[in-house]
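This report concerns only the one structure given below.
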Amino acid sequence: MFEELRPHLAELRKRLGLSVLSVFIGFIIAFTFHEAILAWITAPLDHALSEVKQNITHKSMTQWHIDVNASQQQTKESQTKQTDTTDDAGIHAAQSLSRALSEAAQSAQGKLSASLEKAAKAANELAASLKASEVFNPQVTTHQVAGTFFVALKVSFFAGLLMAMPFILYQLWLFVAPGLYSHEKKMVLPFVIGGSIMFLVGVLFAYYIVTPFGFQFLITFGSFLYTPLINIEDYVGFFTKIMLGFGIAFELPVFAYFLALLGLVTDRNLKDFFKYAVVIIFVLAALLTPPDILTQLLMAAPLVILYGISILIVAAVNPDKSDEEDEEDETTEADKA
């Protein structure tokens, strides 16, 4: 039996080796542009942090703490003390400008007085904003000496995998092609192109739909109590897991189509497995997404829809024969009657 499997194992090793080589080549290319790729990856996080920072800056600082009278009083005292002892040159400059403009507004008349009052108010708001920024300053950090270097390696590998995806799908097709008929082998281009497009759609869906909601919710949730200091190593690993999870999940209709083409599944199989598939989908969504219900639903809902689309595709390619036989039997019995 092992002798029969040896050619298949050799072919599998060859296809895996070429796939790994393609990822390595993509990694080398991506590493030369790792700064731009890292900026693209961290864009959702930067946006979420800026939104939270702006939200905090324009709110009362007491909202950072539990809404209890004693804690509020303690918070006000600590904030007053911190304001009195600050040495920031920008805050002092803004406060001095505000006082000078206020004095000038009192001695001026007419429109000039009104303009100076507006300028003094703006300077005062600037000073308040600088004070708030001193207290609340969310940052993206690294806890390792070589953290930035390893992050560059991770994002380059991720980008290289995306670039090599069409070639990897082509190698997968070449591995299964010897067992197909000649008319089935002609489906190589739809498999490679369709699989690549669906993987890209999954990644873009996660990037533009899921991560903005998920990151902003998670960061905002505790920002009134704690200042977010995001570890870039953890974020990149978390980000790539979400992207790859959505990319692979969106391959479901493509793989269902070719499994049906090979006669391995029918629409009846998928329909009978639907209730179990829903449970598996929600479990995967809980494992691959942040621990909030909104993000899990944003992954689970498209997967359920894709599963339904897969049933329709399989029904068109390889419908269950028992249903047709039952219909023929009912027609025959009706004719006899």
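In the structure tokens, chains take the letters A, B, ... in the order shown, each chain's residues start at 1, and ligands count up from 1 in the order shown.
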
Legend entry - Spatial neighbours of His8 (chain A), 12 Å, only C-alpha atoms, chain gap at least 2 places, as a list of chain:residue names: A:Met1, A:Phe2, A:Glu3, A:Glu4, A:Leu5, A:Arg6, A:Ala10, A:Glu11, A:Leu12, A:Arg13, A:Lys14, A:Arg15, A:Leu174, A:Phe175, A:Val176, A:Ala177, A:Pro178, A:Gly179

Closest pair table for region 180-250 of chain A residues within 9 Å of region 147-166 of chain A, only C-alpha atoms, as JSON lines:
```
{"residue": "A:Val192", "atom": "CA", "partner": "A:Pro166", "partner_atom": "CA", "distance": 5.8}
{"residue": "A:Ile193", "atom": "CA", "partner": "A:Pro166", "partner_atom": "CA", "distance": 7.2}
{"residue": "A:Gly195", "atom": "CA", "partner": "A:Pro166", "partner_atom": "CA", "distance": 7.6}
{"residue": "A:Ser196", "atom": "CA", "partner": "A:Pro166", "partner_atom": "CA", "distance": 5.5}
{"residue": "A:Phe199", "atom": "CA", "partner": "A:Met165", "partner_atom": "CA", "distance": 8.4}
{"residue": "A:Leu200", "atom": "CA", "partner": "A:Leu162", "partner_atom": "CA", "distance": 8.2}
{"residue": "A:Ile232", "atom": "CA", "partner": "A:Val151", "partner_atom": "CA", "distance": 7.4}
{"residue": "A:Glu233", "atom": "CA", "partner": "A:Val151", "partner_atom": "CA", "distance": 6.0}
{"residue": "A:Val236", "atom": "CA", "partner": "A:Val151", "partner_atom": "CA", "distance": 7.0}
{"residue": "A:Gly237", "atom": "CA", "partner": "A:Lys154", "partner_atom": "CA", "distance": 7.9}
{"residue": "A:Thr240", "atom": "CA", "partner": "A:Phe158", "partner_atom": "CA", "distance": 7.0}
{"residue": "A:Leu244", "atom": "CA", "partner": "A:Phe158", "partner_atom": "CA", "distance": 8.8}
```

Legend entry - A:Thr42, A:Thr220, A:Thr32, A:Asn318 ranked by distance to Asn269 (chain A), top pick (using only C-alpha atoms): A:Asn318

Inset, instruction - Give me every alpha helix (DSSP H) residue in region 129-281 of chain A, going by DSSP on the backbone, as a PyMOL selection string. - result: chain A and resi 129-135+147-176+182-185+188-205+211-221+232-249+252-261+267-272+274-281

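As for CA of Tyr181 (chain A) and CA of Thr266 (chain A), they are spaced 18.9 Å apart.
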